[in-house]
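Peer 1: Dropping in coords.txt, with compact mmCIF, all heavy atoms.
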# COMPACT_ATOMS: atom_id res chain seq x y z
N MET A 1298 44.41 -21.95 237.72
CA MET A 1298 44.59 -23.37 237.93
C MET A 1298 45.93 -23.84 237.37
O MET A 1298 46.53 -24.75 237.90
CB MET A 1298 43.42 -24.12 237.28
CG MET A 1298 43.35 -25.54 237.71
SD MET A 1298 42.98 -25.62 239.46
CE MET A 1298 42.56 -27.28 239.64
N LYS A 1299 46.36 -23.24 236.29
CA LYS A 1299 47.62 -23.63 235.67
C LYS A 1299 48.80 -23.36 236.61
O LYS A 1299 49.75 -24.12 236.65
CB LYS A 1299 47.80 -22.86 234.37
CG LYS A 1299 48.76 -23.48 233.43
CD LYS A 1299 48.75 -22.76 232.11
CE LYS A 1299 49.06 -23.73 231.02
NZ LYS A 1299 49.00 -23.15 229.71
N THR A 1300 48.71 -22.26 237.39
CA THR A 1300 49.77 -21.94 238.35
C THR A 1300 49.86 -23.00 239.44
O THR A 1300 50.95 -23.39 239.84
CB THR A 1300 49.51 -20.55 238.97
OG1 THR A 1300 49.40 -19.60 237.93
CG2 THR A 1300 50.63 -20.17 239.91
N THR A 1301 48.71 -23.48 239.91
CA THR A 1301 48.70 -24.52 240.94
C THR A 1301 49.35 -25.80 240.42
O THR A 1301 50.13 -26.44 241.13
CB THR A 1301 47.25 -24.81 241.37
OG1 THR A 1301 46.65 -23.61 241.80
CG2 THR A 1301 47.22 -25.82 242.48
N LYS A 1302 49.04 -26.16 239.20
CA LYS A 1302 49.63 -27.36 238.61
C LYS A 1302 51.14 -27.22 238.50
O LYS A 1302 51.89 -28.13 238.86
CB LYS A 1302 49.02 -27.60 237.23
CG LYS A 1302 49.54 -28.82 236.52
CD LYS A 1302 48.85 -28.98 235.19
CE LYS A 1302 49.44 -30.10 234.37
NZ LYS A 1302 48.80 -30.21 233.07
N ARG A 1303 51.58 -26.08 238.03
CA ARG A 1303 53.02 -25.84 237.87
C ARG A 1303 53.72 -25.88 239.23
O ARG A 1303 54.79 -26.45 239.38
CB ARG A 1303 53.25 -24.49 237.19
CG ARG A 1303 54.70 -24.26 236.83
CD ARG A 1303 54.88 -22.98 236.05
NE ARG A 1303 54.13 -23.07 234.80
CZ ARG A 1303 53.66 -22.03 234.15
NH1 ARG A 1303 53.83 -20.82 234.61
NH2 ARG A 1303 53.00 -22.19 233.02
N PHE A 1304 53.09 -25.28 240.24
CA PHE A 1304 53.66 -25.27 241.59
C PHE A 1304 53.75 -26.69 242.14
O PHE A 1304 54.76 -27.06 242.73
CB PHE A 1304 52.83 -24.39 242.52
CG PHE A 1304 53.30 -24.45 243.95
CD1 PHE A 1304 54.44 -23.78 244.34
CD2 PHE A 1304 52.63 -25.22 244.88
CE1 PHE A 1304 54.89 -23.85 245.65
CE2 PHE A 1304 53.07 -25.29 246.19
CZ PHE A 1304 54.20 -24.60 246.58
N THR A 1305 52.70 -27.47 241.94
CA THR A 1305 52.69 -28.84 242.46
C THR A 1305 53.80 -29.67 241.84
O THR A 1305 54.53 -30.37 242.54
CB THR A 1305 51.33 -29.50 242.19
OG1 THR A 1305 50.31 -28.74 242.81
CG2 THR A 1305 51.29 -30.92 242.72
N VAL A 1306 53.94 -29.58 240.54
CA VAL A 1306 54.98 -30.35 239.85
C VAL A 1306 56.36 -29.89 240.32
O VAL A 1306 57.24 -30.71 240.59
CB VAL A 1306 54.83 -30.22 238.32
CG1 VAL A 1306 56.02 -30.83 237.61
CG2 VAL A 1306 53.55 -30.88 237.87
N SER A 1307 56.55 -28.58 240.46
CA SER A 1307 57.84 -28.06 240.92
C SER A 1307 58.14 -28.51 242.34
O SER A 1307 59.28 -28.87 242.66
CB SER A 1307 57.85 -26.53 240.85
OG SER A 1307 57.69 -26.10 239.53
N ALA A 1308 57.13 -28.48 243.21
CA ALA A 1308 57.33 -28.88 244.60
C ALA A 1308 57.68 -30.36 244.70
O ALA A 1308 58.58 -30.75 245.46
CB ALA A 1308 56.09 -28.58 245.42
N VAL A 1309 57.01 -31.19 243.92
CA VAL A 1309 57.29 -32.63 243.94
C VAL A 1309 58.69 -32.90 243.40
O VAL A 1309 59.45 -33.70 243.96
CB VAL A 1309 56.22 -33.41 243.14
CG1 VAL A 1309 56.64 -34.86 242.93
CG2 VAL A 1309 54.89 -33.35 243.86
N ALA A 1310 59.07 -32.21 242.33
CA ALA A 1310 60.40 -32.39 241.76
C ALA A 1310 61.49 -31.96 242.74
O ALA A 1310 62.50 -32.65 242.91
CB ALA A 1310 60.54 -31.61 240.45
N ALA A 1311 61.27 -30.83 243.43
CA ALA A 1311 62.25 -30.37 244.42
C ALA A 1311 62.36 -31.35 245.58
O ALA A 1311 63.46 -31.67 246.04
CB ALA A 1311 61.87 -28.98 244.93
N ALA A 1312 61.23 -31.85 246.05
CA ALA A 1312 61.25 -32.82 247.14
C ALA A 1312 61.96 -34.10 246.73
O ALA A 1312 62.71 -34.69 247.52
CB ALA A 1312 59.82 -33.14 247.58
N MET A 1313 61.76 -34.51 245.49
CA MET A 1313 62.44 -35.70 244.98
C MET A 1313 63.95 -35.50 244.96
O MET A 1313 64.71 -36.37 245.37
CB MET A 1313 61.92 -36.04 243.59
CG MET A 1313 62.46 -37.33 243.03
SD MET A 1313 61.74 -37.78 241.45
CE MET A 1313 62.67 -36.74 240.34
N LEU A 1314 64.39 -34.35 244.49
CA LEU A 1314 65.83 -34.08 244.43
C LEU A 1314 66.46 -34.05 245.81
O LEU A 1314 67.53 -34.61 246.04
CB LEU A 1314 66.09 -32.77 243.69
CG LEU A 1314 65.84 -32.80 242.19
CD1 LEU A 1314 66.00 -31.41 241.59
CD2 LEU A 1314 66.77 -33.77 241.51
N PHE A 1315 65.79 -33.38 246.75
CA PHE A 1315 66.33 -33.33 248.11
C PHE A 1315 66.30 -34.72 248.75
O PHE A 1315 67.22 -35.10 249.47
CB PHE A 1315 65.55 -32.35 248.98
CG PHE A 1315 65.86 -30.91 248.68
CD1 PHE A 1315 64.87 -30.05 248.27
CD2 PHE A 1315 67.15 -30.42 248.80
CE1 PHE A 1315 65.15 -28.72 247.99
CE2 PHE A 1315 67.45 -29.10 248.52
CZ PHE A 1315 66.44 -28.25 248.11
N GLY A 1316 65.27 -35.47 248.49
CA GLY A 1316 65.16 -36.82 249.05
C GLY A 1316 66.23 -37.76 248.51
O GLY A 1316 66.75 -38.60 249.23
N LEU A 1317 66.56 -37.61 247.26
CA LEU A 1317 67.57 -38.49 246.67
C LEU A 1317 68.97 -38.16 247.18
O LEU A 1317 69.88 -38.98 247.06
CB LEU A 1317 67.54 -38.40 245.14
CG LEU A 1317 66.31 -39.01 244.49
CD1 LEU A 1317 66.34 -38.77 242.98
CD2 LEU A 1317 66.20 -40.48 244.79
N GLY A 1318 69.14 -36.99 247.77
CA GLY A 1318 70.44 -36.63 248.34
C GLY A 1318 70.82 -37.54 249.50
O GLY A 1318 72.00 -37.72 249.82
N GLY A 1319 69.85 -38.16 250.14
CA GLY A 1319 70.11 -39.04 251.27
C GLY A 1319 70.26 -40.49 250.88
O GLY A 1319 70.20 -41.37 251.72
N CYS A 1320 70.47 -40.78 249.63
CA CYS A 1320 70.52 -42.16 249.14
C CYS A 1320 71.90 -42.79 249.21
O CYS A 1320 72.08 -43.91 248.74
CB CYS A 1320 70.04 -42.22 247.69
SG CYS A 1320 68.27 -41.94 247.51
N ALA A 1321 72.88 -42.12 249.77
CA ALA A 1321 74.26 -42.61 249.73
C ALA A 1321 74.40 -43.99 250.37
O ALA A 1321 75.15 -44.82 249.88
CB ALA A 1321 75.19 -41.62 250.39
N GLY A 1322 73.71 -44.25 251.46
CA GLY A 1322 73.85 -45.52 252.15
C GLY A 1322 72.81 -46.56 251.75
O GLY A 1322 72.71 -47.60 252.39
N MET A 1323 72.05 -46.30 250.72
CA MET A 1323 70.98 -47.21 250.32
C MET A 1323 71.49 -48.28 249.36
O MET A 1323 72.44 -48.06 248.62
CB MET A 1323 69.85 -46.45 249.62
CG MET A 1323 69.12 -45.47 250.48
SD MET A 1323 67.92 -44.58 249.49
CE MET A 1323 66.43 -45.00 250.34
N SER A 1324 70.80 -49.41 249.37
CA SER A 1324 71.11 -50.45 248.39
C SER A 1324 70.58 -50.01 247.02
O SER A 1324 69.79 -49.07 246.92
CB SER A 1324 70.45 -51.77 248.79
OG SER A 1324 69.04 -51.68 248.63
N THR A 1325 70.98 -50.70 246.00
CA THR A 1325 70.52 -50.38 244.64
C THR A 1325 69.01 -50.52 244.55
O THR A 1325 68.34 -49.69 243.94
CB THR A 1325 71.21 -51.30 243.62
OG1 THR A 1325 72.62 -51.12 243.72
CG2 THR A 1325 70.76 -50.97 242.21
N GLN A 1326 68.46 -51.55 245.17
CA GLN A 1326 67.01 -51.76 245.12
C GLN A 1326 66.28 -50.62 245.84
O GLN A 1326 65.25 -50.14 245.35
CB GLN A 1326 66.65 -53.10 245.75
CG GLN A 1326 65.19 -53.45 245.58
CD GLN A 1326 64.88 -54.85 246.06
OE1 GLN A 1326 65.65 -55.43 246.81
NE2 GLN A 1326 63.77 -55.39 245.63
N ASP A 1327 66.81 -50.16 246.97
CA ASP A 1327 66.20 -49.04 247.69
C ASP A 1327 66.25 -47.76 246.85
O ASP A 1327 65.29 -47.00 246.81
CB ASP A 1327 66.90 -48.81 249.02
CG ASP A 1327 66.65 -49.91 250.02
OD1 ASP A 1327 65.68 -50.69 249.85
OD2 ASP A 1327 67.44 -50.02 250.99
N LYS A 1328 67.36 -47.54 246.18
CA LYS A 1328 67.49 -46.36 245.32
C LYS A 1328 66.49 -46.42 244.18
O LYS A 1328 65.83 -45.42 243.86
CB LYS A 1328 68.91 -46.25 244.76
CG LYS A 1328 69.94 -45.84 245.77
CD LYS A 1328 71.32 -45.78 245.14
CE LYS A 1328 72.38 -45.54 246.17
NZ LYS A 1328 73.72 -45.51 245.59
N ASN A 1329 66.36 -47.59 243.55
CA ASN A 1329 65.41 -47.74 242.46
C ASN A 1329 63.98 -47.51 242.93
O ASN A 1329 63.17 -46.92 242.21
CB ASN A 1329 65.53 -49.11 241.81
CG ASN A 1329 66.79 -49.25 240.99
OD1 ASN A 1329 67.41 -48.28 240.60
ND2 ASN A 1329 67.19 -50.48 240.73
N THR A 1330 63.66 -47.96 244.14
CA THR A 1330 62.33 -47.75 244.70
C THR A 1330 62.08 -46.26 244.90
O THR A 1330 61.01 -45.75 244.54
CB THR A 1330 62.18 -48.50 246.03
OG1 THR A 1330 62.40 -49.89 245.80
CG2 THR A 1330 60.80 -48.30 246.63
N ALA A 1331 63.05 -45.56 245.48
CA ALA A 1331 62.90 -44.12 245.72
C ALA A 1331 62.79 -43.33 244.41
O ALA A 1331 61.95 -42.43 244.28
CB ALA A 1331 64.08 -43.60 246.54
N ILE A 1332 63.61 -43.67 243.45
CA ILE A 1332 63.57 -42.98 242.15
C ILE A 1332 62.24 -43.26 241.46
O ILE A 1332 61.61 -42.35 240.90
CB ILE A 1332 64.76 -43.41 241.27
CG1 ILE A 1332 66.06 -42.86 241.86
CG2 ILE A 1332 64.57 -42.93 239.83
CD1 ILE A 1332 67.32 -43.43 241.24
N GLY A 1333 61.78 -44.49 241.50
CA GLY A 1333 60.49 -44.84 240.90
C GLY A 1333 59.34 -44.10 241.56
O GLY A 1333 58.43 -43.62 240.88
N ALA A 1334 59.38 -43.99 242.88
CA ALA A 1334 58.32 -43.27 243.60
C ALA A 1334 58.33 -41.79 243.23
O ALA A 1334 57.27 -41.20 243.01
CB ALA A 1334 58.49 -43.45 245.10
N GLY A 1335 59.50 -41.20 243.15
CA GLY A 1335 59.58 -39.79 242.79
C GLY A 1335 59.11 -39.53 241.37
O GLY A 1335 58.33 -38.61 241.11
N ALA A 1336 59.56 -40.36 240.45
CA ALA A 1336 59.14 -40.20 239.06
C ALA A 1336 57.65 -40.46 238.91
O ALA A 1336 56.95 -39.76 238.17
CB ALA A 1336 59.94 -41.14 238.16
N GLY A 1337 57.15 -41.45 239.62
CA GLY A 1337 55.71 -41.75 239.58
C GLY A 1337 54.88 -40.62 240.15
O GLY A 1337 53.80 -40.31 239.64
N ALA A 1338 55.37 -39.98 241.20
CA ALA A 1338 54.64 -38.85 241.79
C ALA A 1338 54.55 -37.69 240.80
O ALA A 1338 53.49 -37.08 240.64
CB ALA A 1338 55.33 -38.40 243.08
N VAL A 1339 55.65 -37.40 240.15
CA VAL A 1339 55.64 -36.31 239.16
C VAL A 1339 54.71 -36.67 238.00
O VAL A 1339 53.88 -35.85 237.58
CB VAL A 1339 57.07 -36.03 238.64
CG1 VAL A 1339 57.04 -35.07 237.46
CG2 VAL A 1339 57.93 -35.46 239.76
N ALA A 1340 54.80 -37.90 237.51
CA ALA A 1340 53.94 -38.32 236.40
C ALA A 1340 52.46 -38.29 236.81
O ALA A 1340 51.61 -37.82 236.06
CB ALA A 1340 54.32 -39.72 235.92
N GLY A 1341 52.18 -38.78 238.02
CA GLY A 1341 50.80 -38.76 238.51
C GLY A 1341 50.25 -37.36 238.65
O GLY A 1341 49.09 -37.09 238.33
N ALA A 1342 51.09 -36.43 239.13
CA ALA A 1342 50.66 -35.05 239.28
C ALA A 1342 50.39 -34.42 237.91
O ALA A 1342 49.39 -33.72 237.73
CB ALA A 1342 51.73 -34.24 240.02
N VAL A 1343 51.24 -34.68 236.96
CA VAL A 1343 51.07 -34.10 235.62
C VAL A 1343 49.83 -34.68 234.94
O VAL A 1343 49.03 -33.95 234.37
CB VAL A 1343 52.33 -34.35 234.76
CG1 VAL A 1343 52.07 -34.00 233.31
CG2 VAL A 1343 53.50 -33.54 235.30
N LEU A 1344 49.66 -35.99 235.02
CA LEU A 1344 48.55 -36.63 234.32
C LEU A 1344 47.19 -36.30 234.92
O LEU A 1344 46.18 -36.34 234.21
CB LEU A 1344 48.75 -38.15 234.30
CG LEU A 1344 49.90 -38.66 233.45
CD1 LEU A 1344 50.09 -40.16 233.64
CD2 LEU A 1344 49.66 -38.33 231.98
N THR A 1345 47.14 -35.99 236.21
CA THR A 1345 45.86 -35.71 236.86
C THR A 1345 45.66 -34.24 237.16
O THR A 1345 44.77 -33.87 237.91
CB THR A 1345 45.71 -36.52 238.16
OG1 THR A 1345 46.75 -36.13 239.07
CG2 THR A 1345 45.77 -38.02 237.89
N GLY A 1346 46.51 -33.40 236.62
CA GLY A 1346 46.34 -31.96 236.84
C GLY A 1346 46.70 -31.53 238.25
O GLY A 1346 46.16 -30.55 238.75
N GLY A 1347 47.57 -32.25 238.89
CA GLY A 1347 48.03 -31.87 240.23
C GLY A 1347 47.18 -32.40 241.37
O GLY A 1347 47.31 -31.95 242.50
N SER A 1348 46.31 -33.35 241.10
CA SER A 1348 45.46 -33.89 242.16
C SER A 1348 46.30 -34.69 243.15
O SER A 1348 47.26 -35.36 242.79
CB SER A 1348 44.34 -34.76 241.58
OG SER A 1348 44.60 -36.12 241.69
N THR A 1349 45.92 -34.60 244.41
CA THR A 1349 46.65 -35.31 245.46
C THR A 1349 46.56 -36.81 245.26
O THR A 1349 47.57 -37.52 245.40
CB THR A 1349 46.07 -34.94 246.83
OG1 THR A 1349 46.13 -33.53 246.98
CG2 THR A 1349 46.82 -35.60 247.96
N ILE A 1350 45.39 -37.30 244.92
CA ILE A 1350 45.22 -38.74 244.73
C ILE A 1350 46.07 -39.23 243.57
O ILE A 1350 46.70 -40.28 243.66
CB ILE A 1350 43.73 -39.08 244.50
CG1 ILE A 1350 42.95 -38.79 245.78
CG2 ILE A 1350 43.55 -40.53 244.07
CD1 ILE A 1350 41.45 -38.92 245.65
N GLY A 1351 46.12 -38.47 242.50
CA GLY A 1351 46.95 -38.85 241.35
C GLY A 1351 48.42 -38.85 241.68
O GLY A 1351 49.17 -39.74 241.26
N THR A 1352 48.87 -37.87 242.47
CA THR A 1352 50.27 -37.79 242.87
C THR A 1352 50.66 -38.96 243.77
O THR A 1352 51.67 -39.62 243.55
CB THR A 1352 50.56 -36.45 243.58
OG1 THR A 1352 50.16 -35.38 242.72
CG2 THR A 1352 52.02 -36.32 243.95
N VAL A 1353 49.83 -39.23 244.78
CA VAL A 1353 50.12 -40.33 245.70
C VAL A 1353 50.02 -41.68 244.99
O VAL A 1353 50.86 -42.56 245.18
CB VAL A 1353 49.16 -40.28 246.92
CG1 VAL A 1353 49.30 -41.52 247.78
CG2 VAL A 1353 49.42 -39.03 247.73
N GLY A 1354 49.01 -41.82 244.13
CA GLY A 1354 48.87 -43.06 243.36
C GLY A 1354 50.05 -43.29 242.44
O GLY A 1354 50.56 -44.40 242.32
N GLY A 1355 50.50 -42.22 241.78
CA GLY A 1355 51.66 -42.33 240.91
C GLY A 1355 52.91 -42.70 241.68
O GLY A 1355 53.73 -43.51 241.22
N ALA A 1356 53.06 -42.14 242.88
CA ALA A 1356 54.21 -42.47 243.71
C ALA A 1356 54.18 -43.94 244.13
O ALA A 1356 55.21 -44.62 244.11
CB ALA A 1356 54.26 -41.58 244.95
N ALA A 1357 53.00 -44.42 244.48
CA ALA A 1357 52.88 -45.83 244.89
C ALA A 1357 53.21 -46.77 243.74
O ALA A 1357 54.00 -47.71 243.89
CB ALA A 1357 51.47 -46.09 245.41
N VAL A 1358 52.63 -46.50 242.59
CA VAL A 1358 52.88 -47.37 241.42
C VAL A 1358 54.34 -47.28 241.00
O VAL A 1358 54.99 -48.31 240.72
CB VAL A 1358 51.94 -46.99 240.25
CG1 VAL A 1358 52.32 -47.72 238.98
CG2 VAL A 1358 50.49 -47.29 240.62
N GLY A 1359 54.89 -46.08 240.97
CA GLY A 1359 56.29 -45.91 240.60
C GLY A 1359 57.24 -46.60 241.57
O GLY A 1359 58.24 -47.19 241.18
N GLY A 1360 56.92 -46.53 242.86
CA GLY A 1360 57.74 -47.19 243.87
C GLY A 1360 57.73 -48.71 243.70
O GLY A 1360 58.77 -49.37 243.83
N ILE A 1361 56.57 -49.25 243.40
CA ILE A 1361 56.47 -50.69 243.19
C ILE A 1361 57.26 -51.12 241.95
O ILE A 1361 58.01 -52.09 241.99
CB ILE A 1361 54.98 -51.13 243.07
CG1 ILE A 1361 54.30 -50.97 244.43
CG2 ILE A 1361 54.87 -52.56 242.55
CD1 ILE A 1361 52.80 -51.09 244.38
N ILE A 1362 57.11 -50.35 240.89
CA ILE A 1362 57.86 -50.67 239.67
C ILE A 1362 59.36 -50.56 239.91
O ILE A 1362 60.13 -51.43 239.50
CB ILE A 1362 57.40 -49.78 238.50
CG1 ILE A 1362 55.97 -50.12 238.10
CG2 ILE A 1362 58.35 -49.92 237.30
CD1 ILE A 1362 55.34 -49.17 237.12
N GLY A 1363 59.79 -49.48 240.58
CA GLY A 1363 61.21 -49.32 240.88
C GLY A 1363 61.75 -50.44 241.75
O GLY A 1363 62.87 -50.92 241.55
N HIS A 1364 60.95 -50.88 242.69
CA HIS A 1364 61.35 -51.98 243.58
C HIS A 1364 61.54 -53.27 242.78
O HIS A 1364 62.51 -54.02 242.99
CB HIS A 1364 60.31 -52.17 244.67
CG HIS A 1364 60.61 -53.28 245.62
ND1 HIS A 1364 61.54 -53.15 246.61
CD2 HIS A 1364 60.12 -54.53 245.72
CE1 HIS A 1364 61.61 -54.28 247.29
NE2 HIS A 1364 60.75 -55.14 246.76
N GLU A 1365 60.61 -53.55 241.89
CA GLU A 1365 60.67 -54.77 241.10
C GLU A 1365 61.82 -54.74 240.10
O GLU A 1365 62.45 -55.76 239.85
CB GLU A 1365 59.35 -55.03 240.39
CG GLU A 1365 58.21 -55.35 241.33
CD GLU A 1365 58.49 -56.56 242.20
OE1 GLU A 1365 58.93 -57.60 241.68
OE2 GLU A 1365 58.25 -56.48 243.42
N VAL A 1366 62.10 -53.57 239.53
CA VAL A 1366 63.20 -53.45 238.59
C VAL A 1366 64.54 -53.67 239.31
O VAL A 1366 65.46 -54.24 238.74
CB VAL A 1366 63.18 -52.06 237.90
CG1 VAL A 1366 64.47 -51.77 237.16
CG2 VAL A 1366 62.00 -51.97 236.96
N GLY A 1367 64.59 -53.29 240.57
CA GLY A 1367 65.83 -53.40 241.34
C GLY A 1367 66.16 -54.80 241.81
O GLY A 1367 67.19 -55.03 242.42
N LYS A 1368 65.30 -55.77 241.56
CA LYS A 1368 65.54 -57.14 242.03
C LYS A 1368 66.59 -57.83 241.20
O LYS A 1368 66.79 -57.65 240.07
CB LYS A 1368 64.26 -57.96 242.02
CG LYS A 1368 63.37 -57.59 243.17
CD LYS A 1368 62.20 -58.54 243.22
CE LYS A 1368 61.41 -58.27 244.49
NZ LYS A 1368 60.30 -59.15 244.63
Rewrite the structure of this file - the entire thing - as structure tokens.

Peer 2:
Amino acid sequence: MKTTKRFTVSAVAAAMLFGLGGCAGMSTQDKNTAIGAGAGAVAGAVLTGGSTIGTVGGAAVGGIIGHEVGK
């Protein structure tokens, strides 16, 4: 089970890094939303042991926080 958790966190982190590569034309608020969603997904995956619901929930909460911070 520990291997699955490590793989999930690594996969989410890699996806976040590749996704942020396309941020060149984004506004600051859009970038903050994307960064918040990525960080929230990683945090949600870690806190819930790699559960899909925890990862998606973390991404949603992180995206909302990032969006609000960018205002």

Peer 1: Can you work out which one of A:Asn1329, A:Met1323, A:Ala1312, A:Val1306 has the shortest atom-to-atom distance to His1364 in chain A, counting all heavy atoms?

Peer 2: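 Of the candidates, the smallest distance to His1364 in chain A is held by A:Asn1329.
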
Peer 1: Measuring atom to atom with all atoms listed in the file, identify which of A:Glu1365, A:Lys1302, A:Met1313, A:Val1358 is nearest to Ala1336 in chain A.

Peer 2: A:Met1313

Peer 1: Which parts of chain A does DSSP call helix (DSSP H, G or I) when run on the backbone here, written out as a VMD selection string?

Peer 2: chain A and resid 1299 to 1317 1325 to 1344 1349 to 1366

Peer 1: Is it possible to get the residues within 8 Å of (59.7, -35.1, 246.9) (coordinates as in the file, counting only C-alpha atoms) written as a PyMOL selection string?

Peer 2: chain A and resi 1308-1316+1335

Peer 1: Using only all heavy atoms, please write the residues we just selected to a file, as an mmCIF file, keeping the file's coordinate frame.

Peer 2:
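Okay, result02.cif is ready:
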data_model
loop_
_atom_site.group_PDB
_atom_site.id
_atom_site.type_symbol
_atom_site.label_atom_id
_atom_site.label_comp_id
_atom_site.auth_asym_id
_atom_site.auth_seq_id
_atom_site.Cartn_x
_atom_site.Cartn_y
_atom_site.Cartn_z
ATOM 1 N N ALA A 1308 57.130 -28.480 243.210
ATOM 2 C CA ALA A 1308 57.330 -28.880 244.600
ATOM 3 C C ALA A 1308 57.680 -30.360 244.700
ATOM 4 O O ALA A 1308 58.580 -30.750 245.460
ATOM 5 C CB ALA A 1308 56.090 -28.580 245.420
ATOM 6 N N VAL A 1309 57.010 -31.190 243.920
ATOM 7 C CA VAL A 1309 57.290 -32.630 243.940
ATOM 8 C C VAL A 1309 58.690 -32.900 243.400
ATOM 9 O O VAL A 1309 59.450 -33.700 243.960
ATOM 10 C CB VAL A 1309 56.220 -33.410 243.140
ATOM 11 C CG1 VAL A 1309 56.640 -34.860 242.930
ATOM 12 C CG2 VAL A 1309 54.890 -33.350 243.860
ATOM 13 N N ALA A 1310 59.070 -32.210 242.330
ATOM 14 C CA ALA A 1310 60.400 -32.390 241.760
ATOM 15 C C ALA A 1310 61.490 -31.960 242.740
ATOM 16 O O ALA A 1310 62.500 -32.650 242.910
ATOM 17 C CB ALA A 1310 60.540 -31.610 240.450
ATOM 18 N N ALA A 1311 61.270 -30.830 243.430
ATOM 19 C CA ALA A 1311 62.250 -30.370 244.420
ATOM 20 C C ALA A 1311 62.360 -31.350 245.580
ATOM 21 O O ALA A 1311 63.460 -31.670 246.040
ATOM 22 C CB ALA A 1311 61.870 -28.980 244.930
ATOM 23 N N ALA A 1312 61.230 -31.850 246.050
ATOM 24 C CA ALA A 1312 61.250 -32.820 247.140
ATOM 25 C C ALA A 1312 61.960 -34.100 246.730
ATOM 26 O O ALA A 1312 62.710 -34.690 247.520
ATOM 27 C CB ALA A 1312 59.820 -33.140 247.580
ATOM 28 N N MET A 1313 61.760 -34.510 245.490
ATOM 29 C CA MET A 1313 62.440 -35.700 244.980
ATOM 30 C C MET A 1313 63.950 -35.500 244.960
ATOM 31 O O MET A 1313 64.710 -36.370 245.370
ATOM 32 C CB MET A 1313 61.920 -36.040 243.590
ATOM 33 C CG MET A 1313 62.460 -37.330 243.030
ATOM 34 S SD MET A 1313 61.740 -37.780 241.450
ATOM 35 C CE MET A 1313 62.670 -36.740 240.340
ATOM 36 N N LEU A 1314 64.390 -34.350 244.490
ATOM 37 C CA LEU A 1314 65.830 -34.080 244.430
ATOM 38 C C LEU A 1314 66.460 -34.050 245.810
ATOM 39 O O LEU A 1314 67.530 -34.610 246.040
ATOM 40 C CB LEU A 1314 66.090 -32.770 243.690
ATOM 41 C CG LEU A 1314 65.840 -32.800 242.190
ATOM 42 C CD1 LEU A 1314 66.000 -31.410 241.590
ATOM 43 C CD2 LEU A 1314 66.770 -33.770 241.510
ATOM 44 N N PHE A 1315 65.790 -33.380 246.750
ATOM 45 C CA PHE A 1315 66.330 -33.330 248.110
ATOM 46 C C PHE A 1315 66.300 -34.720 248.750
ATOM 47 O O PHE A 1315 67.220 -35.100 249.470
ATOM 48 C CB PHE A 1315 65.550 -32.350 248.980
ATOM 49 C CG PHE A 1315 65.860 -30.910 248.680
ATOM 50 C CD1 PHE A 1315 64.870 -30.050 248.270
ATOM 51 C CD2 PHE A 1315 67.150 -30.420 248.800
ATOM 52 C CE1 PHE A 1315 65.150 -28.720 247.990
ATOM 53 C CE2 PHE A 1315 67.450 -29.100 248.520
ATOM 54 C CZ PHE A 1315 66.440 -28.250 248.110
ATOM 55 N N GLY A 1316 65.270 -35.470 248.490
ATOM 56 C CA GLY A 1316 65.160 -36.820 249.050
ATOM 57 C C GLY A 1316 66.230 -37.760 248.510
ATOM 58 O O GLY A 1316 66.750 -38.600 249.230
ATOM 59 N N GLY A 1335 59.500 -41.200 243.150
ATOM 60 C CA GLY A 1335 59.580 -39.790 242.790
ATOM 61 C C GLY A 1335 59.110 -39.530 241.370
ATOM 62 O O GLY A 1335 58.330 -38.610 241.110
#

Peer 1: What does the structure give for the distance between CG2 of Thr1345 in chain A and atom C of Lys1368 in chain A, in Å to one decimal?

Peer 2: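 Interatomic distance, CG2 of Thr1345 in chain A to atom C of Lys1368 in chain A: 28.9 Å.
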
Peer 1: Can you tell me how far CA of Val1343 in chain A sits from CA of Ile1361 in chain A, in Å to one decimal?

Peer 2: 19.0 Å

Peer 1: Of the residues A:Gly1347, A:Val1366, A:Gly1354, A:Gly1360, which is the one nearest to Ser1307 in chain A, using only C-alpha atoms?

Peer 2: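 Result for the nearest residue to Ser1307 in chain A: A:Gly1347.
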
Peer 1: What does the distance between CG of Leu1344 in chain A and CA of Ile1362 in chain A come to in Å, to one decimal place?

Peer 2: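 According to the coordinates, CG of Leu1344 in chain A and CA of Ile1362 in chain A are separated by 15.7 Å.
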
Peer 1: Could you pull range 1349-1355 of chain A out of the structure just shown and give N, CA, C and O atoms as a JSON list (two decimals), in the first residue's frame?

Peer 2:
[["chain", "number", "residue", "atom", "x", "y", "z"],
["A", 1349, "THR", "N", -8.74, 8.72, -4.15],
["A", 1349, "THR", "CA", -9.16, 9.57, -5.27],
["A", 1349, "THR", "C", -10.01, 10.73, -4.77],
["A", 1349, "THR", "O", -9.84, 11.87, -5.21],
["A", 1350, "ILE", "N", -10.93, 10.44, -3.87],
["A", 1350, "ILE", "CA", -11.81, 11.49, -3.35],
["A", 1350, "ILE", "C", -11.00, 12.55, -2.61],
["A", 1350, "ILE", "O", -11.25, 13.75, -2.77],
["A", 1351, "GLY", "N", -10.02, 12.13, -1.84],
["A", 1351, "GLY", "CA", -9.18, 13.08, -1.12],
["A", 1351, "GLY", "C", -8.36, 13.94, -2.06],
["A", 1351, "GLY", "O", -8.19, 15.14, -1.86],
["A", 1352, "THR", "N", -7.84, 13.33, -3.13],
["A", 1352, "THR", "CA", -7.04, 14.07, -4.11],
["A", 1352, "THR", "C", -7.90, 15.10, -4.85],
["A", 1352, "THR", "O", -7.52, 16.26, -4.99],
["A", 1353, "VAL", "N", -9.06, 14.67, -5.33],
["A", 1353, "VAL", "CA", -9.95, 15.58, -6.06],
["A", 1353, "VAL", "C", -10.49, 16.67, -5.13],
["A", 1353, "VAL", "O", -10.54, 17.85, -5.51],
["A", 1354, "GLY", "N", -10.85, 16.29, -3.91],
["A", 1354, "GLY", "CA", -11.32, 17.28, -2.94],
["A", 1354, "GLY", "C", -10.25, 18.30, -2.61],
["A", 1354, "GLY", "O", -10.52, 19.50, -2.52],
["A", 1355, "GLY", "N", -9.02, 17.82, -2.43],
["A", 1355, "GLY", "CA", -7.92, 18.73, -2.15],
["A", 1355, "GLY", "C", -7.66, 19.68, -3.30],
["A", 1355, "GLY", "O", -7.39, 20.87, -3.11]]
